[in-house]
Amino acid sequence: MAGVWVFAETVDGTPAPVVLELLTKARSLGETTAIAFGPGASKSVQTLGKYGAKKVYVHEDPAFRDILATPAVELLASLIEKDQPDLMIFGMTYDGRDVASRLSARLSSALIANASDVVKKDGGWAIITPVFGGSLLVTTVPRAKAPTLVLIRPKAVAAEPAASEAAPQVETLSDPVEPGQPVARVLRREKEKASGPKLEDAAIIVSGGRGLGAPENFKMLDELAAELGAAVGASRAVVDAGWKPYSFQIGQTGKTVKPTVYIALGISGAMQHTVGMKGAKTIIAINKDPEAPIFKLADLGVIGDVHKIVPQLIQEIRARKGK
Amino acid sequence: MNVLVCVKQIPDPNVPGKLDPQTKRMVREGVDAVLDPGDEHAVEAGLQLVEKDGGEATIISMGPPRAMDAIRRALAMGAHRGILITDPGLENSDALSTARAIAAAIEDQSYELIICGTESTDGSSGAVPAQLAELLGLPLLSFAKKLEVSNGKAQIDRQTDDGYDVVEAALPAVVTVTGGINEARYPALRGIMQAKNKEIKQLGLKDLGLDGKAGRAALTEEVIEIKAAEARKAGEIVEDKGDGAKRVADYLVELKVI
């Protein structure tokens, strides 16, 4: 049976949401091993097992948390040499991308990024990658020796616990960590304050683009979002212009979201944005440009001025809620 | 300090992209090629550093001969010289070959910092900078939305999902910058004129000692199929005649959102 490894990023012992998605995929492809590095990693074992890991490698050295990529690459390279897995999957996250890319250079292995799926094909793997905002699906096969490294986009797979639950075999490593020289060291972590539901978890998202005209016009989005219990998102254009912090960005370089309802206001629908939101169940778009590509995705599109329609919409919603 | 900036020429991202079903590569004919807008921020970051501390900014790119235009644009912004890696054997290279070619091409260069965009706007795998760092044995400061260099060290604010981390590395190092790091300058006419006389060195696989070790000869992966994704069902598009907001509110009721 093929050996499939999952890079299990954890924060204080809790696996990142994408890890559960990766495990759900991995266990359908072969015997699954999760690699959990960093302080508190051992606390994640039970959850990793629940989602399909048969074996978990744990190493709790703080270096994995405090030094970017290189300690993980050093240890992974030696574990891979020992166990020779066939496939290793990573979340397309900041750290996942750095680690997988460095590892591919170390091992001269195939690296396929931005994947939405991995399937078995002719005794090997075929990797599906959406391109051009998800309008085309590209299938790629590895042509290098195993392991094949794949970066899977968050929310590409729905996480589901495995049917049978057995405690995974745990191998705790404690050898001194060789970070590789020289290193990039994290000095401190800063969190930007956010209110309301998290974008990744929100059932409803109200998202603004350059069509809003000015940063202060995001205030009406906040108001609309408050009425709907929604999270507020933004396009890259808006974030690059400094109107909103990066944590609001939805799209290729930002977050991937899958809400029930996505309301795009003054967003043209550049591919860089749509790849991050086209998985929404229902899309509502308001934009003054009838040619805006967002209307190709919209279940309901209104051609008109967001500055006029959004305040009216807030009133309409309040009226319907009997306020 | 001397800075190397890696750039890529890409088809104009404002023109919807197409893939050639035969070659399974992007259709480049008939589409203007431009300096990747993400890379303009990398060039700007490099220029700001050399303008402050002295030294030179060298632009490096890999691509067909016409990628010279992308380098020329970065030179017009103010960079000092360029290196273009170009060879028919490098056509359709994967990321690892690209990283190997760049690593080989800069072997004789003196630099303290290599700056790249976080990812290309067309391919967007974002693998080359980390692969390059690995091949060169250098630290990688990735996803920088702020970059400062002093006392032989580079410090960045590294983007995270809910804020940023302050990360530091000794020089030399590789840095990838996000679009938010700066406002890229527009080349002035004088810069455009000066760029015409700036040196762009061209290197092929043989020059790099990579004959048979990079490009088509060393592909790690192959595209075997391209197909259209399942399209979303066409929706209802209406023009706002004063009732647009009402229509949206009705729809939200239908969806049981309100």
# chains A, B, ... in the order shown; residues from 1 in each chain; ligands from 1
call {"tool": "closest_atom_pairs", "arguments": {"of": "chain A", "to": "chain B", "cutoff": "6 Å", "atoms": "only C-alpha atoms", "output": "JSON lines"}}
result
{"residue": "A:Asp98", "atom": "CA", "partner": "B:Ala130", "partner_atom": "CA", "distance": 5.8}
{"residue": "A:Ser101", "atom": "CA", "partner": "B:Ala127", "partner_atom": "CA", "distance": 5.1}
{"residue": "A:Arg102", "atom": "CA", "partner": "B:Gln131", "partner_atom": "CA", "distance": 4.9}
{"residue": "A:Ala105", "atom": "CA", "partner": "B:Gln131", "partner_atom": "CA", "distance": 5.2}
{"residue": "A:Ala110", "atom": "CA", "partner": "B:Thr220", "partner_atom": "CA", "distance": 4.8}
{"residue": "A:Ala113", "atom": "CA", "partner": "B:Ser125", "partner_atom": "CA", "distance": 5.2}
{"residue": "A:Ser135", "atom": "CA", "partner": "B:Ala229", "partner_atom": "CA", "distance": 5.2}
{"residue": "A:Leu136", "atom": "CA", "partner": "B:Ala228", "partner_atom": "CA", "distance": 4.4}
{"residue": "A:Leu137", "atom": "CA", "partner": "B:Lys227", "partner_atom": "CA", "distance": 5.4}
{"residue": "A:Val138", "atom": "CA", "partner": "B:Ile226", "partner_atom": "CA", "distance": 4.5}
{"residue": "A:Thr139", "atom": "CA", "partner": "B:Glu225", "partner_atom": "CA", "distance": 5.0}
{"residue": "A:Thr140", "atom": "CA", "partner": "B:Val223", "partner_atom": "CA", "distance": 4.2}
{"residue": "A:Val141", "atom": "CA", "partner": "B:Glu222", "partner_atom": "CA", "distance": 5.4}
{"residue": "A:Pro142", "atom": "CA", "partner": "B:Glu221", "partner_atom": "CA", "distance": 4.2}
{"residue": "A:Arg143", "atom": "CA", "partner": "B:Glu221", "partner_atom": "CA", "distance": 4.6}
{"residue": "A:Ala144", "atom": "CA", "partner": "B:Thr220", "partner_atom": "CA", "distance": 4.7}
{"residue": "A:Pro182", "atom": "CA", "partner": "B:Pro139", "partner_atom": "CA", "distance": 5.9}
{"residue": "A:Val183", "atom": "CA", "partner": "B:Pro139", "partner_atom": "CA", "distance": 5.0}
{"residue": "A:Ala184", "atom": "CA", "partner": "B:Ala169", "partner_atom": "CA", "distance": 4.5}
{"residue": "A:Arg185", "atom": "CA", "partner": "B:Glu168", "partner_atom": "CA", "distance": 5.3}
{"residue": "A:Val186", "atom": "CA", "partner": "B:Val167", "partner_atom": "CA", "distance": 4.3}
{"residue": "A:Leu187", "atom": "CA", "partner": "B:Val166", "partner_atom": "CA", "distance": 5.5}
{"residue": "A:Arg188", "atom": "CA", "partner": "B:Val166", "partner_atom": "CA", "distance": 5.3}
{"residue": "A:Arg189", "atom": "CA", "partner": "B:Asp165", "partner_atom": "CA", "distance": 4.3}
{"residue": "A:Glu190", "atom": "CA", "partner": "B:Tyr164", "partner_atom": "CA", "distance": 5.3}
{"residue": "A:Lys191", "atom": "CA", "partner": "B:Gly163", "partner_atom": "CA", "distance": 4.3}
{"residue": "A:Glu192", "atom": "CA", "partner": "B:Gly163", "partner_atom": "CA", "distance": 4.7}
{"residue": "A:Asp240", "atom": "CA", "partner": "B:Gly180", "partner_atom": "CA", "distance": 4.6}
{"residue": "A:Ser247", "atom": "CA", "partner": "B:Asp162", "partner_atom": "CA", "distance": 5.5}
{"residue": "A:Ala298", "atom": "CA", "partner": "B:Gly235", "partner_atom": "CA", "distance": 5.6}
{"residue": "A:Asp299", "atom": "CA", "partner": "B:Gly235", "partner_atom": "CA", "distance": 3.9}
{"residue": "A:Leu300", "atom": "CA", "partner": "B:Glu236", "partner_atom": "CA", "distance": 4.9}
{"residue": "A:Gly301", "atom": "CA", "partner": "B:Ile237", "partner_atom": "CA", "distance": 4.4}
{"residue": "A:Val302", "atom": "CA", "partner": "B:Val238", "partner_atom": "CA", "distance": 5.0}
{"residue": "A:Ile303", "atom": "CA", "partner": "B:Glu239", "partner_atom": "CA", "distance": 4.6}
{"residue": "A:Gly304", "atom": "CA", "partner": "B:Asp240", "partner_atom": "CA", "distance": 5.1}
{"residue": "A:Ile309", "atom": "CA", "partner": "B:Ala245", "partner_atom": "CA", "distance": 5.3}
{"residue": "A:Gln312", "atom": "CA", "partner": "B:Ala245", "partner_atom": "CA", "distance": 5.8}
{"residue": "A:Leu313", "atom": "CA", "partner": "B:Ala245", "partner_atom": "CA", "distance": 4.6}
call {"tool": "write_last_selection", "arguments": {"atoms": "N, CA and C atoms", "output": "CSV table (one decimal), in the first residue's frame"}}
result
chain,number,residue,atom,x,y,z
A,98,ASP,N,6.6,27.1,1.9
A,98,ASP,CA,8.1,27.3,2.0
A,98,ASP,C,8.7,25.9,2.2
A,101,SER,N,8.5,23.6,-1.0
A,101,SER,CA,9.4,24.1,-2.1
A,101,SER,C,10.8,23.8,-1.8
A,102,ARG,N,11.3,24.1,-0.5
A,102,ARG,CA,12.7,23.8,-0.2
A,102,ARG,C,12.9,22.3,-0.3
A,105,ALA,N,13.6,21.0,-3.8
A,105,ALA,CA,14.9,21.3,-4.2
A,105,ALA,C,15.9,20.4,-3.6
A,110,ALA,N,9.2,16.0,-7.7
A,110,ALA,CA,8.2,16.8,-8.3
A,110,ALA,C,7.4,17.6,-7.3
A,113,ALA,N,1.9,22.7,-7.1
A,113,ALA,CA,1.3,23.6,-6.1
A,113,ALA,C,-0.2,23.9,-6.5
A,135,SER,N,-11.5,28.1,-14.0
A,135,SER,CA,-12.3,27.8,-15.2
A,135,SER,C,-11.8,26.6,-16.0
A,136,LEU,N,-10.5,26.3,-15.8
A,136,LEU,CA,-9.9,25.1,-16.4
A,136,LEU,C,-9.2,24.2,-15.3
A,137,LEU,N,-9.3,22.9,-15.6
A,137,LEU,CA,-8.6,22.0,-14.7
A,137,LEU,C,-7.4,21.3,-15.4
A,138,VAL,N,-6.3,21.4,-14.8
A,138,VAL,CA,-5.1,20.9,-15.4
A,138,VAL,C,-4.7,19.6,-14.6
A,139,THR,N,-4.4,18.5,-15.4
A,139,THR,CA,-3.9,17.3,-14.7
A,139,THR,C,-2.4,17.1,-15.0
A,140,THR,N,-1.7,17.0,-13.9
A,140,THR,CA,-0.3,16.8,-14.0
A,140,THR,C,0.2,15.5,-13.4
A,141,VAL,N,1.1,14.9,-14.0
A,141,VAL,CA,1.7,13.6,-13.4
A,141,VAL,C,3.2,13.9,-13.1
A,142,PRO,N,3.7,13.3,-12.0
A,142,PRO,CA,5.1,13.4,-11.7
A,142,PRO,C,6.0,12.6,-12.6
A,143,ARG,N,7.2,13.2,-12.9
A,143,ARG,CA,8.1,12.4,-13.7
A,143,ARG,C,9.5,12.3,-13.0
A,144,ALA,N,9.4,12.5,-11.7
A,144,ALA,CA,10.7,12.4,-10.9
A,144,ALA,C,10.4,11.3,-9.9
A,182,PRO,N,22.4,29.3,7.3
A,182,PRO,CA,21.9,30.1,8.4
A,182,PRO,C,20.3,30.1,8.4
A,183,VAL,N,19.7,30.7,9.4
A,183,VAL,CA,18.3,30.6,9.5
A,183,VAL,C,17.5,31.9,9.5
A,184,ALA,N,16.2,31.8,9.3
A,184,ALA,CA,15.3,32.9,9.4
A,184,ALA,C,14.5,32.7,10.7
A,185,ARG,N,14.7,33.6,11.6
A,185,ARG,CA,14.2,33.4,13.0
A,185,ARG,C,13.0,34.3,13.3
A,186,VAL,N,11.9,33.8,13.8
A,186,VAL,CA,10.8,34.6,14.2
A,186,VAL,C,11.1,35.3,15.5
A,187,LEU,N,11.0,36.6,15.5
A,187,LEU,CA,11.3,37.4,16.7
A,187,LEU,C,10.0,37.6,17.6
A,188,ARG,N,8.9,37.9,16.9
A,188,ARG,CA,7.7,38.0,17.6
A,188,ARG,C,6.5,37.9,16.6
A,189,ARG,N,5.3,37.7,17.2
A,189,ARG,CA,4.1,37.5,16.4
A,189,ARG,C,3.1,38.6,16.7
A,190,GLU,N,2.6,39.2,15.7
A,190,GLU,CA,1.6,40.3,16.0
A,190,GLU,C,0.2,39.9,15.3
A,191,LYS,N,-0.8,40.1,16.1
A,191,LYS,CA,-2.2,39.8,15.6
A,191,LYS,C,-2.9,41.0,15.3
A,192,GLU,N,-3.6,41.1,14.1
A,192,GLU,CA,-4.4,42.3,13.8
A,192,GLU,C,-5.8,42.0,14.4
A,240,ASP,N,-3.9,45.8,-1.6
A,240,ASP,CA,-2.7,46.4,-2.2
A,240,ASP,C,-2.8,47.9,-2.0
A,247,SER,N,-5.3,40.5,6.1
A,247,SER,CA,-6.1,39.4,6.7
A,247,SER,C,-7.5,39.4,6.1
A,298,ALA,N,-22.2,34.9,-10.9
A,298,ALA,CA,-23.2,35.3,-10.0
A,298,ALA,C,-24.5,34.6,-10.2
A,299,ASP,N,-25.2,34.2,-9.1
A,299,ASP,CA,-26.5,33.6,-9.2
A,299,ASP,C,-27.5,34.7,-9.3
A,300,LEU,N,-27.2,35.8,-8.6
A,300,LEU,CA,-28.0,37.1,-8.8
A,300,LEU,C,-27.0,38.2,-9.0
A,301,GLY,N,-27.1,38.9,-10.2
A,301,GLY,CA,-26.2,40.0,-10.4
A,301,GLY,C,-27.0,41.3,-10.6
A,302,VAL,N,-26.6,42.4,-10.0
A,302,VAL,CA,-27.3,43.6,-10.2
A,302,VAL,C,-26.3,44.6,-10.8
A,303,ILE,N,-26.7,45.1,-11.9
A,303,ILE,CA,-25.8,46.1,-12.6
A,303,ILE,C,-26.2,47.5,-12.1
A,304,GLY,N,-25.4,48.1,-11.3
A,304,GLY,CA,-25.8,49.3,-10.7
A,304,GLY,C,-24.7,49.9,-9.7
A,309,ILE,N,-26.9,51.4,-4.0
A,309,ILE,CA,-27.7,50.2,-3.7
A,309,ILE,C,-27.4,49.6,-2.2
A,312,GLN,N,-29.4,51.3,0.5
A,312,GLN,CA,-30.8,50.9,0.3
A,312,GLN,C,-31.0,49.5,0.8
A,313,LEU,N,-30.1,48.7,0.5
A,313,LEU,CA,-30.2,47.2,0.9
A,313,LEU,C,-30.2,47.1,2.4
call {"tool": "select_by_dssp", "arguments": {"residues": "stretch 60-277 of chain A", "states": "strand (DSSP E)", "output": "PyMOL selection string"}}
result
chain A and resi 87-91+111-115+117-121+124-131+136-142+148-152+169-173+184-191+204-208+231-234+261-265
call {"tool": "residues_around", "arguments": {"residues": "stretch 57-67 of chain B", "least_positions_apart": "4", "cutoff": "6 Å", "atoms": "only C-alpha atoms", "output": "JSON, numbers by chain"}}
result
{"B": [2, 3, 4, 5, 6, 7, 8, 9, 79, 80, 81, 82, 83, 84, 85, 86]}
call {"tool": "select_by_dssp", "arguments": {"residues": "stretch 3-246 of chain B", "states": "helix (DSSP H, G or I)", "output": "JSON list (two decimals) with N, CA and C atoms, in the first residue's frame"}}
result
[["chain", "number", "residue", "atom", "x", "y", "z"],
["B", 37, "PRO", "N", 3.30, 42.32, -12.63],
["B", 37, "PRO", "CA", 3.05, 43.43, -11.70],
["B", 37, "PRO", "C", 3.53, 43.14, -10.29],
["B", 38, "GLY", "N", 3.47, 41.88, -9.87],
["B", 38, "GLY", "CA", 3.98, 41.51, -8.55],
["B", 38, "GLY", "C", 5.47, 41.75, -8.43],
["B", 39, "ASP", "N", 6.19, 41.55, -9.54],
["B", 39, "ASP", "CA", 7.64, 41.73, -9.53],
["B", 39, "ASP", "C", 8.04, 43.20, -9.49],
["B", 40, "GLU", "N", 7.14, 44.07, -9.92],
["B", 40, "GLU", "CA", 7.46, 45.51, -9.85],
["B", 40, "GLU", "C", 7.72, 45.92, -8.40],
["B", 41, "HIS", "N", 6.99, 45.27, -7.48],
["B", 41, "HIS", "CA", 7.21, 45.59, -6.06],
["B", 41, "HIS", "C", 8.57, 45.08, -5.58],
["B", 42, "ALA", "N", 9.00, 43.94, -6.16],
["B", 42, "ALA", "CA", 10.33, 43.42, -5.81],
["B", 42, "ALA", "C", 11.41, 44.37, -6.33],
["B", 43, "VAL", "N", 11.25, 44.86, -7.55],
["B", 43, "VAL", "CA", 12.20, 45.81, -8.13],
["B", 43, "VAL", "C", 12.23, 47.08, -7.28],
["B", 44, "GLU", "N", 11.06, 47.57, -6.94],
["B", 44, "GLU", "CA", 10.96, 48.80, -6.13],
["B", 44, "GLU", "C", 11.67, 48.61, -4.78],
["B", 45, "ALA", "N", 11.43, 47.46, -4.14],
["B", 45, "ALA", "CA", 12.06, 47.19, -2.83],
["B", 45, "ALA", "C", 13.58, 47.20, -2.98],
["B", 46, "GLY", "N", 14.08, 46.59, -4.07],
["B", 46, "GLY", "CA", 15.52, 46.55, -4.31],
["B", 46, "GLY", "C", 16.09, 47.94, -4.56],
["B", 47, "LEU", "N", 15.36, 48.73, -5.35],
["B", 47, "LEU", "CA", 15.84, 50.08, -5.67],
["B", 47, "LEU", "C", 15.89, 50.95, -4.41],
["B", 48, "GLN", "N", 14.88, 50.82, -3.57],
["B", 48, "GLN", "CA", 14.86, 51.63, -2.34],
["B", 48, "GLN", "C", 16.08, 51.31, -1.47],
["B", 49, "LEU", "N", 16.46, 50.04, -1.44],
["B", 49, "LEU", "CA", 17.62, 49.65, -0.61],
["B", 49, "LEU", "C", 18.92, 50.22, -1.17],
["B", 50, "VAL", "N", 19.13, 50.10, -2.49],
["B", 50, "VAL", "CA", 20.41, 50.59, -3.03],
["B", 50, "VAL", "C", 20.44, 52.12, -3.05],
["B", 51, "GLU", "N", 19.27, 52.75, -3.17],
["B", 51, "GLU", "CA", 19.26, 54.21, -3.14],
["B", 51, "GLU", "C", 19.63, 54.72, -1.75],
["B", 52, "LYS", "N", 19.29, 53.94, -0.74],
["B", 52, "LYS", "CA", 19.58, 54.34, 0.64],
["B", 52, "LYS", "C", 21.03, 54.03, 1.00],
["B", 53, "ASP", "N", 21.48, 52.84, 0.66],
["B", 53, "ASP", "CA", 22.78, 52.37, 1.14],
["B", 53, "ASP", "C", 23.87, 52.32, 0.09],
["B", 65, "PRO", "N", 13.72, 35.19, -25.69],
["B", 65, "PRO", "CA", 14.46, 36.44, -25.92],
["B", 65, "PRO", "C", 13.64, 37.70, -25.65],
["B", 66, "ARG", "N", 12.32, 37.63, -25.88],
["B", 66, "ARG", "CA", 11.54, 38.85, -25.70],
["B", 66, "ARG", "C", 11.38, 39.22, -24.22],
["B", 67, "ALA", "N", 11.77, 38.32, -23.31],
["B", 67, "ALA", "CA", 11.72, 38.65, -21.88],
["B", 67, "ALA", "C", 12.69, 39.79, -21.55],
["B", 68, "MET", "N", 13.58, 40.08, -22.50],
["B", 68, "MET", "CA", 14.47, 41.24, -22.42],
["B", 68, "MET", "C", 13.66, 42.51, -22.12],
["B", 69, "ASP", "N", 12.46, 42.59, -22.68],
["B", 69, "ASP", "CA", 11.63, 43.80, -22.48],
["B", 69, "ASP", "C", 11.25, 43.99, -21.01],
["B", 70, "ALA", "N", 11.01, 42.86, -20.33],
["B", 70, "ALA", "CA", 10.64, 42.96, -18.91],
["B", 70, "ALA", "C", 11.84, 43.46, -18.10],
["B", 71, "ILE", "N", 13.02, 42.94, -18.44],
["B", 71, "ILE", "CA", 14.24, 43.41, -17.76],
["B", 71, "ILE", "C", 14.43, 44.89, -18.05],
["B", 72, "ARG", "N", 14.21, 45.26, -19.31],
["B", 72, "ARG", "CA", 14.40, 46.66, -19.73],
["B", 72, "ARG", "C", 13.49, 47.59, -18.93],
["B", 73, "ARG", "N", 12.30, 47.12, -18.64],
["B", 73, "ARG", "CA", 11.38, 47.96, -17.86],
["B", 73, "ARG", "C", 11.93, 48.17, -16.44],
["B", 74, "ALA", "N", 12.45, 47.09, -15.85],
["B", 74, "ALA", "CA", 13.02, 47.22, -14.51],
["B", 74, "ALA", "C", 14.25, 48.13, -14.53],
["B", 75, "LEU", "N", 15.01, 48.08, -15.63],
["B", 75, "LEU", "CA", 16.16, 48.98, -15.77],
["B", 75, "LEU", "C", 15.68, 50.43, -15.90],
["B", 76, "ALA", "N", 14.55, 50.60, -16.59],
["B", 76, "ALA", "CA", 13.99, 51.95, -16.74],
["B", 76, "ALA", "C", 13.50, 52.49, -15.39],
["B", 77, "MET", "N", 13.09, 51.60, -14.51],
["B", 77, "MET", "CA", 12.69, 52.02, -13.16],
["B", 77, "MET", "C", 13.93, 52.48, -12.37],
["B", 88, "PRO", "N", 16.61, 27.61, -25.86],
["B", 88, "PRO", "CA", 15.46, 26.81, -26.32],
["B", 88, "PRO", "C", 15.24, 25.58, -25.43],
["B", 89, "GLY", "N", 16.31, 25.06, -24.85],
["B", 89, "GLY", "CA", 16.20, 23.88, -23.99],
["B", 89, "GLY", "C", 15.53, 24.16, -22.67],
["B", 90, "LEU", "N", 15.34, 25.45, -22.37],
["B", 90, "LEU", "CA", 14.69, 25.81, -21.10],
["B", 90, "LEU", "C", 13.19, 26.10, -21.28],
["B", 95, "ALA", "N", 9.48, 24.67, -12.11],
["B", 95, "ALA", "CA", 10.03, 25.64, -11.15],
["B", 95, "ALA", "C", 11.44, 25.26, -10.71],
["B", 96, "LEU", "N", 11.69, 23.99, -10.50],
["B", 96, "LEU", "CA", 12.99, 23.57, -9.99],
["B", 96, "LEU", "C", 14.10, 23.87, -11.00],
["B", 97, "SER", "N", 13.82, 23.65, -12.27],
["B", 97, "SER", "CA", 14.82, 24.00, -13.30],
["B", 97, "SER", "C", 15.07, 25.49, -13.33],
["B", 98, "THR", "N", 14.01, 26.25, -13.16],
["B", 98, "THR", "CA", 14.15, 27.71, -13.13],
["B", 98, "THR", "C", 15.06, 28.12, -11.98],
["B", 99, "ALA", "N", 14.81, 27.53, -10.81],
["B", 99, "ALA", "CA", 15.63, 27.86, -9.64],
["B", 99, "ALA", "C", 17.08, 27.45, -9.88],
["B", 100, "ARG", "N", 17.29, 26.27, -10.48],
["B", 100, "ARG", "CA", 18.66, 25.81, -10.75],
["B", 100, "ARG", "C", 19.38, 26.77, -11.71],
["B", 101, "ALA", "N", 18.66, 27.21, -12.74],
["B", 101, "ALA", "CA", 19.27, 28.10, -13.73],
["B", 101, "ALA", "C", 19.64, 29.44, -13.08],
["B", 102, "ILE", "N", 18.75, 29.96, -12.24],
["B", 102, "ILE", "CA", 19.04, 31.24, -11.59],
["B", 102, "ILE", "C", 20.23, 31.07, -10.64],
["B", 103, "ALA", "N", 20.23, 29.97, -9.87],
["B", 103, "ALA", "CA", 21.33, 29.74, -8.93],
["B", 103, "ALA", "C", 22.66, 29.69, -9.67],
["B", 104, "ALA", "N", 22.66, 29.03, -10.84],
["B", 104, "ALA", "CA", 23.91, 28.92, -11.61],
["B", 104, "ALA", "C", 24.31, 30.28, -12.18],
["B", 105, "ALA", "N", 23.31, 31.05, -12.61],
["B", 105, "ALA", "CA", 23.60, 32.32, -13.28],
["B", 105, "ALA", "C", 24.16, 33.37, -12.32],
["B", 128, "VAL", "N", 9.71, 28.96, -6.73],
["B", 128, "VAL", "CA", 11.09, 29.28, -7.13],
["B", 128, "VAL", "C", 11.91, 29.95, -6.02],
["B", 129, "PRO", "N", 11.37, 30.96, -5.31],
["B", 129, "PRO", "CA", 12.23, 31.62, -4.31],
["B", 129, "PRO", "C", 12.73, 30.66, -3.22],
["B", 130, "ALA", "N", 11.86, 29.80, -2.71],
["B", 130, "ALA", "CA", 12.27, 28.86, -1.66],
["B", 130, "ALA", "C", 13.23, 27.82, -2.23],
["B", 131, "GLN", "N", 13.00, 27.39, -3.45],
["B", 131, "GLN", "CA", 13.92, 26.42, -4.07],
["B", 131, "GLN", "C", 15.29, 27.05, -4.27],
["B", 132, "LEU", "N", 15.27, 28.31, -4.70],
["B", 132, "LEU", "CA", 16.53, 29.03, -4.90],
["B", 132, "LEU", "C", 17.29, 29.16, -3.58],
["B", 133, "ALA", "N", 16.57, 29.52, -2.51],
["B", 133, "ALA", "CA", 17.19, 29.65, -1.19],
["B", 133, "ALA", "C", 17.81, 28.32, -0.76],
["B", 134, "GLU", "N", 17.09, 27.23, -1.02],
["B", 134, "GLU", "CA", 17.59, 25.91, -0.64],
["B", 134, "GLU", "C", 18.86, 25.57, -1.43],
["B", 135, "LEU", "N", 18.81, 25.82, -2.74],
["B", 135, "LEU", "CA", 19.97, 25.48, -3.58],
["B", 135, "LEU", "C", 21.20, 26.30, -3.18],
["B", 136, "LEU", "N", 20.97, 27.54, -2.73],
["B", 136, "LEU", "CA", 22.09, 28.42, -2.37],
["B", 136, "LEU", "C", 22.46, 28.29, -0.89],
["B", 179, "GLY", "N", 2.47, 42.43, -2.60],
["B", 179, "GLY", "CA", 2.10, 43.65, -3.30],
["B", 179, "GLY", "C", 1.95, 44.84, -2.38],
["B", 180, "GLY", "N", 1.67, 44.58, -1.11],
["B", 180, "GLY", "CA", 1.41, 45.68, -0.18],
["B", 180, "GLY", "C", 2.67, 46.36, 0.34],
["B", 181, "ILE", "N", 3.85, 45.85, -0.02],
["B", 181, "ILE", "CA", 5.09, 46.35, 0.59],
["B", 181, "ILE", "C", 5.43, 47.78, 0.18],
["B", 189, "LEU", "N", 10.66, 59.10, -18.32],
["B", 189, "LEU", "CA", 11.19, 59.11, -19.69],
["B", 189, "LEU", "C", 12.72, 59.00, -19.68],
["B", 190, "ARG", "N", 13.34, 59.75, -18.74],
["B", 190, "ARG", "CA", 14.80, 59.71, -18.65],
["B", 190, "ARG", "C", 15.29, 58.29, -18.35],
["B", 191, "GLY", "N", 14.59, 57.63, -17.45],
["B", 191, "GLY", "CA", 14.93, 56.26, -17.10],
["B", 191, "GLY", "C", 14.80, 55.33, -18.30],
["B", 192, "ILE", "N", 13.76, 55.54, -19.07],
["B", 192, "ILE", "CA", 13.53, 54.70, -20.26],
["B", 192, "ILE", "C", 14.67, 54.89, -21.25],
["B", 193, "MET", "N", 15.11, 56.16, -21.43],
["B", 193, "MET", "CA", 16.22, 56.44, -22.36],
["B", 193, "MET", "C", 17.51, 55.80, -21.84],
["B", 194, "GLN", "N", 17.77, 55.95, -20.54],
["B", 194, "GLN", "CA", 19.00, 55.40, -19.96],
["B", 194, "GLN", "C", 19.03, 53.88, -20.03],
["B", 195, "ALA", "N", 17.86, 53.28, -19.89],
["B", 195, "ALA", "CA", 17.78, 51.80, -19.87],
["B", 195, "ALA", "C", 18.29, 51.21, -21.18],
["B", 215, "GLY", "N", 15.72, 22.31, -17.44],
["B", 215, "GLY", "CA", 14.83, 22.50, -18.57],
["B", 215, "GLY", "C", 14.19, 21.19, -19.01],
["B", 216, "ARG", "N", 13.98, 21.08, -20.32],
["B", 216, "ARG", "CA", 13.27, 19.91, -20.84],
["B", 216, "ARG", "C", 13.95, 18.60, -20.47],
["B", 217, "ALA", "N", 15.28, 18.63, -20.34],
["B", 217, "ALA", "CA", 16.03, 17.41, -20.05],
["B", 217, "ALA", "C", 15.81, 16.94, -18.61],
["B", 218, "ALA", "N", 15.24, 17.79, -17.78],
["B", 218, "ALA", "CA", 15.15, 17.43, -16.36],
["B", 218, "ALA", "C", 13.77, 17.72, -15.78],
["B", 244, "GLY", "N", -33.04, 47.55, -7.32],
["B", 244, "GLY", "CA", -31.96, 46.56, -7.19],
["B", 244, "GLY", "C", -31.82, 46.05, -5.77],
["B", 245, "ALA", "N", -31.84, 46.98, -4.81],
["B", 245, "ALA", "CA", -31.67, 46.61, -3.41],
["B", 245, "ALA", "C", -32.81, 45.71, -2.96],
["B", 246, "LYS", "N", -34.02, 46.03, -3.42],
["B", 246, "LYS", "CA", -35.19, 45.25, -3.05],
["B", 246, "LYS", "C", -35.05, 43.83, -3.59]]
call {"tool": "closest_residue", "arguments": {"among": "A:Leu79, A:Leu20, A:Met92, A:Ala319", "to": "A:Ala158", "atoms": "only C-alpha atoms"}}
result
A:Leu20
call {"tool": "atom_distance", "arguments": {"atom1": "atom CA of A:Lys258", "atom2": "atom CA of A:Glu200"}}
result
7.5 Å
call {"tool": "residues_around", "arguments": {"residues": "A:Gly209", "least_positions_apart": "6", "cutoff": "6 Å", "atoms": "only C-alpha atoms", "output": "PyMOL selection string"}}
result
chain A and resi 234-235+238+266-267
call {"tool": "closest_residue", "arguments": {"among": "A:Ala100, A:Ile204, A:Ala241, A:Ala230", "to": "A:Val73", "atoms": "only C-alpha atoms"}}
result
A:Ala100
call {"tool": "residues_around", "arguments": {"residues": "B:Asp12", "least_positions_apart": "3", "cutoff": "6 Å", "atoms": "only C-alpha atoms", "output": "PyMOL selection string"}}
result
chain B and resi 15+32-34
call {"tool": "residues_around", "arguments": {"residues": "A:Arg65", "least_positions_apart": "3", "cutoff": "8 Å", "atoms": "only C-alpha atoms", "output": "list of chain:residue names"}}
result
A:Gly38, A:Pro39, A:Asp61, A:Pro62, A:Leu68
call {"tool": "decode", "arguments": {"residues": "stretch 129-133 of chain B", "atoms": "C-alpha atoms", "output": "compact mmCIF listing (two decimals), in the first residue's frame"}}
result
# COMPACT_ATOMS: atom_id res chain seq x y z
CA PRO B 129 12.23 31.62 -4.31
CA ALA B 130 12.27 28.86 -1.66
CA GLN B 131 13.92 26.42 -4.07
CA LEU B 132 16.53 29.03 -4.90
CA ALA B 133 17.19 29.65 -1.19
